[in-house]
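Heads up: the structure comes next, in structure tokens.
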Protein chains: 2
Amino acid sequence: MLGVFDSGLGGLTALCELRRLRPDLDILYFGDTARVPYGTRSRETIIRYAREALGFLVSRGTDAILVACGTVSSVALPHLAPAFPVPLIGVVEPAALLAYHTSKNRTIGIIATEATVESRAFETALHRLGRVTTRSLACPLFVSLAENGFTSPGDPVAREAVRHYLPPLGKSGIDTLILGCTHFPLLAPQISAALPGVRLIGAGEAAAAAMVATNPQVGHGNLEVFVSDAPARFEKEAERLLGAPLPTKVQKYAL
Amino acid sequence: MLGVFDSGLGGLTALCELRRLRPDLDILYFGDTARVPYGTRSRETIIRYAREALGFLVSRGTDAILVACGTVSSVALPHLAPAFPVPLIGVVEPAALLAYHTSKNRTIGIIATEATVESRAFETALHRLGRVTTRSLACPLFVSLAENGFTSPGDPVAREAVRHYLPPLGKSGIDTLILGCTHFPLLAPQISAALPGVRLIGAGEAAAAAMVATNPQVGHGNLEVFVSDAPARFEKEAERLLGAPLPTKVQKYAL
């Protein structure tokens, strides 16, 4: 069974991609809704929260975990993965690889949470692949916009938030932009409109594809979804985001 | 020594009012920045978080605590206050009292977090005072806007968020509006612009005034500020919000 972990809703974008590519996989999703958002916390706290949440997924018998959270992938995985009992697949390397091969001019942008941008994890992964120019930018409000439903393509609040954050990227010459937080694909139409001609790479989707490519498991298409708080609220928000109800009841596991 | 508690930055609006009214008081502030925001969590989780945070303030020797958080005041205080070792002063009753006496047409609005609105705490307090018509509305994104610095009077993101949430109040005939979350006074200019002629009552300021009126303590004007995560970030955000640096270094106490 595969685990999928996010601080909240964002990882659903990766979960959907996983299930689209491999509907037969057995998946256990965990969202830490009692402590979302992670991206404004300190490194120490992000590592502590991630260790607890990943520990729950291991305790339920997952064989590998997709860390579908840009903040945890960037800040906590380098610390936790080496000694962890099961493989942890983060979003950083898969997204960097896909962006590197997508970009024609080797000028790549990254938008993410504050903690992710400060970690420079995406830049480090990109520079390891070859000569690239990078430009990264923290867009912390995007997480709240996604978590609170400001995601319709014409939403004026999201439009103004995009106008607030993205102008420096518009002038930077990037042809590819990594959405380094798994909440951000929910704002993709708005982001695209502000950056015409720029290819967007969703970190969660890239990681889901990488996980499928490297994981030979087969299953029966079972899905279980747990959150650390307010499962009814999560069901409602997930339905709004996905355009359809989750195919399973959301259960609570308090950390 | 008085304790002041909030989930994050919002309680600073009450702290400032306390210090303006009584610069001699000794105050210990605690912001639970490792777990902010509270307003989208379940009742059970809000009570647990509040009990832990208030326990810290008691352990440091506070004689009374101003709960400068609308969500905790509404959801957790009725549960925690009766058996608590020191008096807990919440924002609900002081704000309701002030609004009741401010309103001429006895038609009063409340904006707050989801958890506060669901609790109906402000309505209950208002109806206990006399015949009033109330109208309440959850504005969850306002917390994130305040926490992420979208607070300048002309900010276009805040303007659109105000336009998104407030129209139902504009048509409701209210002449007084309780800002039932202590983050919301940071958006007061935007809220006022959307609701001309409506008097705004900041719940934190009302509670600070009530606390001063009922508390005979004297002190030396000492101030200590603790947060559960990322003290440097808190110092930076507090300076931006208050227009001046906090007069003391922010310290960390992880719950």
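By order in the structure tokens, chains are A, B, ...; within a chain, residues start at 1; ligands start at 1, following the order shown.
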Practice prompt. With a distance threshold of 8 Å and counting only C-alpha atoms, extract the residues of chain B near chain A and express them as a ChimeraX atom specification.
Written response: /B:33-36,41-42,45,140-141,144-145,148,156-158,160-161,164,229-230
May I have the residues from that selection written out with C-alpha atoms, as an mmCIF file, in the first residue's frame?
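Ended up saving to out_15.cif:
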```cif
data_model
loop_
_atom_site.group_PDB
_atom_site.id
_atom_site.type_symbol
_atom_site.label_atom_id
_atom_site.label_comp_id
_atom_site.auth_asym_id
_atom_site.auth_seq_id
_atom_site.Cartn_x
_atom_site.Cartn_y
_atom_site.Cartn_z
ATOM 1 C CA THR B 33 2.326 30.384 16.012
ATOM 2 C CA ALA B 34 3.090 26.664 15.634
ATOM 3 C CA ARG B 35 -0.632 25.970 15.145
ATOM 4 C CA VAL B 36 -2.270 29.205 13.931
ATOM 5 C CA ARG B 41 -10.254 23.593 13.343
ATOM 6 C CA SER B 42 -12.843 21.481 15.145
ATOM 7 C CA THR B 45 -9.003 20.573 18.716
ATOM 8 C CA PRO B 140 -11.940 32.965 7.089
ATOM 9 C CA LEU B 141 -9.540 34.491 4.557
ATOM 10 C CA SER B 144 -4.553 34.853 6.388
ATOM 11 C CA LEU B 145 -4.619 38.346 4.893
ATOM 12 C CA ASN B 148 0.520 37.655 5.528
ATOM 13 C CA PRO B 156 -6.293 45.309 -3.793
ATOM 14 C CA VAL B 157 -6.285 41.713 -2.491
ATOM 15 C CA ALA B 158 -7.935 42.790 0.760
ATOM 16 C CA GLU B 160 -11.517 42.022 -3.303
ATOM 17 C CA ALA B 161 -11.774 39.767 -0.247
ATOM 18 C CA HIS B 164 -16.348 38.798 -1.715
ATOM 19 C CA ASP B 229 7.287 28.798 16.762
ATOM 20 C CA ALA B 230 9.347 31.119 14.552
#
```
Worksheet item: So which bits of stretch 37-84 of chain A end up strand (DSSP E) when you DSSP the backbone, as a PyMOL selection string?
Response: chain A and resi 64-67
Given the selection you just returned, output its residues as a file containing all heavy atoms, formatted as a JSON list (two decimals), in the first residue's frame.
```
[["chain", "number", "residue", "atom", "x", "y", "z"],
["A", 64, "ALA", "N", 5.66, 2.52, 0.95],
["A", 64, "ALA", "CA", 6.39, 3.68, 0.42],
["A", 64, "ALA", "C", 5.45, 4.86, 0.54],
["A", 64, "ALA", "O", 4.22, 4.69, 0.55],
["A", 64, "ALA", "CB", 6.76, 3.46, -1.05],
["A", 65, "ILE", "N", 6.02, 6.05, 0.68],
["A", 65, "ILE", "CA", 5.17, 7.24, 0.89],
["A", 65, "ILE", "C", 5.53, 8.34, -0.10],
["A", 65, "ILE", "O", 6.70, 8.70, -0.23],
["A", 65, "ILE", "CB", 5.31, 7.77, 2.34],
["A", 65, "ILE", "CG1", 4.89, 6.69, 3.35],
["A", 65, "ILE", "CG2", 4.45, 9.03, 2.53],
["A", 65, "ILE", "CD1", 5.17, 7.03, 4.80],
["A", 66, "LEU", "N", 4.50, 8.84, -0.78],
["A", 66, "LEU", "CA", 4.66, 10.03, -1.60],
["A", 66, "LEU", "C", 4.43, 11.24, -0.71],
["A", 66, "LEU", "O", 3.32, 11.43, -0.20],
["A", 66, "LEU", "CB", 3.63, 10.01, -2.74],
["A", 66, "LEU", "CG", 3.60, 11.25, -3.64],
["A", 66, "LEU", "CD1", 4.93, 11.45, -4.36],
["A", 66, "LEU", "CD2", 2.47, 11.14, -4.67],
["A", 67, "VAL", "N", 5.46, 12.03, -0.52],
["A", 67, "VAL", "CA", 5.34, 13.23, 0.30],
["A", 67, "VAL", "C", 4.86, 14.36, -0.61],
["A", 67, "VAL", "O", 5.66, 15.06, -1.24],
["A", 67, "VAL", "CB", 6.67, 13.57, 0.99],
["A", 67, "VAL", "CG1", 6.54, 14.85, 1.81],
["A", 67, "VAL", "CG2", 7.10, 12.41, 1.88]]
```
Fill in: Neighbour list for B:Gly202 as a list in words, cut-off 8 Å, only C-alpha atoms, skip fewer than 2 positions in-chain
Ala95, Ile178, Leu179, Gly180, Thr182, Phe184, Pro185, Leu200, Gly204, Glu205 and Ala206 of chain B
Item to complete: Find the spatial neighbours of A:Leu129, counting only C-alpha atoms, within a cut-off of 9 Å - ignore same-chain residues fewer than 2 positions away - and output them as JSON, numbers by chain.
Response: {"A": [96, 97, 100, 124, 125, 126, 127, 131, 132]}
Hey, can you spit out that residue selection with N, CA and C atoms as a PDB file, in the first residue's frame?
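The resulting file, part-v3.pdb, is shown below:
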```
ATOM      1  N   ALA A  96      11.859  19.058 -10.441  1.00  0.00           N
ATOM      2  CA  ALA A  96      13.050  19.691 -11.017  1.00  0.00           C
ATOM      3  C   ALA A  96      13.432  18.997 -12.328  1.00  0.00           C
ATOM      4  N   LEU A  97      13.377  17.669 -12.334  1.00  0.00           N
ATOM      5  CA  LEU A  97      13.743  16.908 -13.533  1.00  0.00           C
ATOM      6  C   LEU A  97      12.806  17.240 -14.691  1.00  0.00           C
ATOM      7  N   TYR A 100      13.399  20.808 -15.890  1.00  0.00           N
ATOM      8  CA  TYR A 100      14.680  20.911 -16.603  1.00  0.00           C
ATOM      9  C   TYR A 100      14.520  20.467 -18.056  1.00  0.00           C
ATOM     10  N   THR A 124      18.691  23.813  -5.741  1.00  0.00           N
ATOM     11  CA  THR A 124      19.784  22.858  -5.590  1.00  0.00           C
ATOM     12  C   THR A 124      19.572  21.674  -6.531  1.00  0.00           C
ATOM     13  N   ALA A 125      18.345  21.166  -6.591  1.00  0.00           N
ATOM     14  CA  ALA A 125      18.050  20.028  -7.468  1.00  0.00           C
ATOM     15  C   ALA A 125      18.226  20.405  -8.935  1.00  0.00           C
ATOM     16  N   LEU A 126      17.814  21.608  -9.309  1.00  0.00           N
ATOM     17  CA  LEU A 126      17.943  22.045 -10.710  1.00  0.00           C
ATOM     18  C   LEU A 126      19.406  22.228 -11.101  1.00  0.00           C
ATOM     19  N   HIS A 127      20.170  22.851 -10.222  1.00  0.00           N
ATOM     20  CA  HIS A 127      21.578  23.111 -10.550  1.00  0.00           C
ATOM     21  C   HIS A 127      22.371  21.813 -10.627  1.00  0.00           C
ATOM     22  N   ARG A 131      23.353  23.368 -16.253  1.00  0.00           N
ATOM     23  CA  ARG A 131      23.399  24.834 -16.162  1.00  0.00           C
ATOM     24  C   ARG A 131      21.996  25.405 -16.330  1.00  0.00           C
ATOM     25  N   VAL A 132      21.500  26.036 -15.297  1.00  0.00           N
ATOM     26  CA  VAL A 132      20.186  26.681 -15.385  1.00  0.00           C
ATOM     27  C   VAL A 132      20.241  28.009 -14.642  1.00  0.00           C
TER      28      VAL A 132
END
```
Practice prompt. Could you give me, as number ranges by chain, the residues within 9 Å of A:Ser152, counting only C-alpha atoms and dropping anything in the same chain fewer than 4 positions from it?
Written response: A: 158, 186-187, 189-190
Just write the chosen residues, all heavy atoms, as a PDB file, in the first residue's frame.
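Output file out_29.pdb is given in full below:
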```pdb
ATOM      1  N   ALA A 158      -8.213  35.910  -6.027  1.00  0.00           N
ATOM      2  CA  ALA A 158      -7.050  35.188  -6.541  1.00  0.00           C
ATOM      3  C   ALA A 158      -6.326  36.009  -7.617  1.00  0.00           C
ATOM      4  O   ALA A 158      -5.096  36.044  -7.661  1.00  0.00           O
ATOM      5  CB  ALA A 158      -7.483  33.831  -7.096  1.00  0.00           C
ATOM      6  N   LEU A 186      -4.198  24.376  -7.922  1.00  0.00           N
ATOM      7  CA  LEU A 186      -5.594  24.791  -7.821  1.00  0.00           C
ATOM      8  C   LEU A 186      -5.780  26.220  -8.321  1.00  0.00           C
ATOM      9  O   LEU A 186      -6.882  26.643  -8.635  1.00  0.00           O
ATOM     10  CB  LEU A 186      -6.076  24.658  -6.369  1.00  0.00           C
ATOM     11  CG  LEU A 186      -5.934  23.231  -5.809  1.00  0.00           C
ATOM     12  CD1 LEU A 186      -6.092  23.200  -4.300  1.00  0.00           C
ATOM     13  CD2 LEU A 186      -6.942  22.304  -6.461  1.00  0.00           C
ATOM     14  N   LEU A 187      -4.680  26.982  -8.401  1.00  0.00           N
ATOM     15  CA  LEU A 187      -4.723  28.352  -8.929  1.00  0.00           C
ATOM     16  C   LEU A 187      -4.084  28.443 -10.313  1.00  0.00           C
ATOM     17  O   LEU A 187      -3.805  29.539 -10.804  1.00  0.00           O
ATOM     18  CB  LEU A 187      -3.993  29.305  -7.974  1.00  0.00           C
ATOM     19  CG  LEU A 187      -4.584  29.433  -6.568  1.00  0.00           C
ATOM     20  CD1 LEU A 187      -3.633  30.187  -5.653  1.00  0.00           C
ATOM     21  CD2 LEU A 187      -5.930  30.158  -6.623  1.00  0.00           C
ATOM     22  N   PRO A 189      -5.090  28.229 -13.447  1.00  0.00           N
ATOM     23  CA  PRO A 189      -5.639  29.107 -14.491  1.00  0.00           C
ATOM     24  C   PRO A 189      -5.260  30.575 -14.272  1.00  0.00           C
ATOM     25  O   PRO A 189      -4.929  31.287 -15.222  1.00  0.00           O
ATOM     26  CB  PRO A 189      -7.156  28.905 -14.361  1.00  0.00           C
ATOM     27  CG  PRO A 189      -7.327  27.578 -13.685  1.00  0.00           C
ATOM     28  CD  PRO A 189      -6.142  27.426 -12.787  1.00  0.00           C
ATOM     29  N   GLN A 190      -5.301  31.010 -13.028  1.00  0.00           N
ATOM     30  CA  GLN A 190      -4.941  32.396 -12.709  1.00  0.00           C
ATOM     31  C   GLN A 190      -3.455  32.663 -12.952  1.00  0.00           C
ATOM     32  O   GLN A 190      -3.074  33.717 -13.444  1.00  0.00           O
ATOM     33  CB  GLN A 190      -5.234  32.678 -11.223  1.00  0.00           C
ATOM     34  CG  GLN A 190      -6.654  32.392 -10.805  1.00  0.00           C
ATOM     35  CD  GLN A 190      -7.530  33.620 -10.959  1.00  0.00           C
ATOM     36  OE1 GLN A 190      -7.094  34.639 -11.489  1.00  0.00           O
ATOM     37  NE2 GLN A 190      -8.758  33.524 -10.509  1.00  0.00           N
TER      38      GLN A 190
END
```
Fill in: Test item, helix (DSSP H, G or I) assignment across stretch 21-91 of chain B, answer as an MDAnalysis selection string
chainID B and resid 21 43:59 70:75 77:83
Can you write just those residues out, N, CA and C atoms, as a PDB file, in the first residue's frame?
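Output saved as part.pdb:
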```
ATOM      1  N   LEU B  21      -3.978  51.897  27.662  1.00  0.00           N
ATOM      2  CA  LEU B  21      -4.817  52.259  28.806  1.00  0.00           C
ATOM      3  C   LEU B  21      -4.047  52.174  30.119  1.00  0.00           C
ATOM      4  N   ARG B  43     -14.040  21.988  17.188  1.00  0.00           N
ATOM      5  CA  ARG B  43     -14.214  22.416  18.586  1.00  0.00           C
ATOM      6  C   ARG B  43     -13.253  21.671  19.510  1.00  0.00           C
ATOM      7  N   GLU B  44     -13.201  20.371  19.330  1.00  0.00           N
ATOM      8  CA  GLU B  44     -12.367  19.490  20.158  1.00  0.00           C
ATOM      9  C   GLU B  44     -10.882  19.914  20.099  1.00  0.00           C
ATOM     10  N   THR B  45     -10.408  20.189  18.895  1.00  0.00           N
ATOM     11  CA  THR B  45      -9.003  20.573  18.716  1.00  0.00           C
ATOM     12  C   THR B  45      -8.758  21.978  19.269  1.00  0.00           C
ATOM     13  N   ILE B  46      -9.697  22.892  19.063  1.00  0.00           N
ATOM     14  CA  ILE B  46      -9.540  24.256  19.591  1.00  0.00           C
ATOM     15  C   ILE B  46      -9.444  24.203  21.123  1.00  0.00           C
ATOM     16  N   ILE B  47     -10.267  23.389  21.749  1.00  0.00           N
ATOM     17  CA  ILE B  47     -10.228  23.267  23.216  1.00  0.00           C
ATOM     18  C   ILE B  47      -8.886  22.692  23.668  1.00  0.00           C
ATOM     19  N   ARG B  48      -8.406  21.677  22.964  1.00  0.00           N
ATOM     20  CA  ARG B  48      -7.119  21.066  23.347  1.00  0.00           C
ATOM     21  C   ARG B  48      -5.975  22.075  23.211  1.00  0.00           C
ATOM     22  N   TYR B  49      -5.932  22.768  22.075  1.00  0.00           N
ATOM     23  CA  TYR B  49      -4.857  23.743  21.847  1.00  0.00           C
ATOM     24  C   TYR B  49      -4.922  24.861  22.901  1.00  0.00           C
ATOM     25  N   ALA B  50      -6.142  25.338  23.167  1.00  0.00           N
ATOM     26  CA  ALA B  50      -6.310  26.442  24.120  1.00  0.00           C
ATOM     27  C   ALA B  50      -5.877  26.005  25.520  1.00  0.00           C
ATOM     28  N   ARG B  51      -6.250  24.790  25.904  1.00  0.00           N
ATOM     29  CA  ARG B  51      -5.882  24.314  27.242  1.00  0.00           C
ATOM     30  C   ARG B  51      -4.350  24.286  27.393  1.00  0.00           C
ATOM     31  N   GLU B  52      -3.662  23.835  26.364  1.00  0.00           N
ATOM     32  CA  GLU B  52      -2.198  23.764  26.433  1.00  0.00           C
ATOM     33  C   GLU B  52      -1.586  25.167  26.511  1.00  0.00           C
ATOM     34  N   ALA B  53      -2.079  26.071  25.671  1.00  0.00           N
ATOM     35  CA  ALA B  53      -1.501  27.418  25.633  1.00  0.00           C
ATOM     36  C   ALA B  53      -1.792  28.180  26.931  1.00  0.00           C
ATOM     37  N   LEU B  54      -3.016  28.074  27.422  1.00  0.00           N
ATOM     38  CA  LEU B  54      -3.371  28.761  28.672  1.00  0.00           C
ATOM     39  C   LEU B  54      -2.591  28.157  29.842  1.00  0.00           C
ATOM     40  N   GLY B  55      -2.360  26.858  29.785  1.00  0.00           N
ATOM     41  CA  GLY B  55      -1.565  26.196  30.825  1.00  0.00           C
ATOM     42  C   GLY B  55      -0.157  26.777  30.909  1.00  0.00           C
ATOM     43  N   PHE B  56       0.423  27.102  29.760  1.00  0.00           N
ATOM     44  CA  PHE B  56       1.746  27.731  29.763  1.00  0.00           C
ATOM     45  C   PHE B  56       1.707  29.073  30.488  1.00  0.00           C
ATOM     46  N   LEU B  57       0.690  29.880  30.196  1.00  0.00           N
ATOM     47  CA  LEU B  57       0.595  31.202  30.830  1.00  0.00           C
ATOM     48  C   LEU B  57       0.414  31.070  32.346  1.00  0.00           C
ATOM     49  N   VAL B  58      -0.354  30.085  32.784  1.00  0.00           N
ATOM     50  CA  VAL B  58      -0.532  29.861  34.225  1.00  0.00           C
ATOM     51  C   VAL B  58       0.791  29.421  34.856  1.00  0.00           C
ATOM     52  N   SER B  59       1.497  28.545  34.145  1.00  0.00           N
ATOM     53  CA  SER B  59       2.760  28.028  34.699  1.00  0.00           C
ATOM     54  C   SER B  59       3.799  29.136  34.879  1.00  0.00           C
ATOM     55  N   GLY B  70     -10.866  35.466  19.222  1.00  0.00           N
ATOM     56  CA  GLY B  70     -12.306  35.292  19.117  1.00  0.00           C
ATOM     57  C   GLY B  70     -12.709  33.830  19.078  1.00  0.00           C
ATOM     58  N   THR B  71     -11.926  33.020  18.382  1.00  0.00           N
ATOM     59  CA  THR B  71     -12.267  31.603  18.243  1.00  0.00           C
ATOM     60  C   THR B  71     -12.203  30.888  19.586  1.00  0.00           C
ATOM     61  N   VAL B  72     -11.126  31.092  20.335  1.00  0.00           N
ATOM     62  CA  VAL B  72     -10.989  30.433  21.635  1.00  0.00           C
ATOM     63  C   VAL B  72     -12.041  30.970  22.607  1.00  0.00           C
ATOM     64  N   SER B  73     -12.264  32.292  22.577  1.00  0.00           N
ATOM     65  CA  SER B  73     -13.281  32.878  23.464  1.00  0.00           C
ATOM     66  C   SER B  73     -14.654  32.273  23.208  1.00  0.00           C
ATOM     67  N   SER B  74     -14.978  32.057  21.940  1.00  0.00           N
ATOM     68  CA  SER B  74     -16.316  31.573  21.578  1.00  0.00           C
ATOM     69  C   SER B  74     -16.473  30.081  21.808  1.00  0.00           C
ATOM     70  N   VAL B  75     -15.437  29.332  21.441  1.00  0.00           N
ATOM     71  CA  VAL B  75     -15.572  27.877  21.362  1.00  0.00           C
ATOM     72  C   VAL B  75     -15.062  27.178  22.618  1.00  0.00           C
ATOM     73  N   LEU B  77     -13.782  28.784  25.760  1.00  0.00           N
ATOM     74  CA  LEU B  77     -13.935  29.360  27.106  1.00  0.00           C
ATOM     75  C   LEU B  77     -15.126  28.807  27.890  1.00  0.00           C
ATOM     76  N   PRO B  78     -16.281  28.642  27.239  1.00  0.00           N
ATOM     77  CA  PRO B  78     -17.406  28.103  28.027  1.00  0.00           C
ATOM     78  C   PRO B  78     -17.050  26.757  28.654  1.00  0.00           C
ATOM     79  N   HIS B  79     -16.166  26.017  27.990  1.00  0.00           N
ATOM     80  CA  HIS B  79     -15.758  24.699  28.471  1.00  0.00           C
ATOM     81  C   HIS B  79     -14.644  24.805  29.525  1.00  0.00           C
ATOM     82  N   LEU B  80     -13.690  25.719  29.298  1.00  0.00           N
ATOM     83  CA  LEU B  80     -12.491  25.762  30.141  1.00  0.00           C
ATOM     84  C   LEU B  80     -12.620  26.680  31.352  1.00  0.00           C
ATOM     85  N   ALA B  81     -13.340  27.803  31.202  1.00  0.00           N
ATOM     86  CA  ALA B  81     -13.302  28.838  32.232  1.00  0.00           C
ATOM     87  C   ALA B  81     -13.801  28.372  33.603  1.00  0.00           C
ATOM     88  N   PRO B  82     -14.914  27.598  33.671  1.00  0.00           N
ATOM     89  CA  PRO B  82     -15.470  27.283  34.998  1.00  0.00           C
ATOM     90  C   PRO B  82     -14.471  26.628  35.951  1.00  0.00           C
ATOM     91  N   ALA B  83     -13.606  25.751  35.435  1.00  0.00           N
ATOM     92  CA  ALA B  83     -12.702  25.033  36.335  1.00  0.00           C
ATOM     93  C   ALA B  83     -11.262  25.519  36.231  1.00  0.00           C
TER      94      ALA B  83
END
```
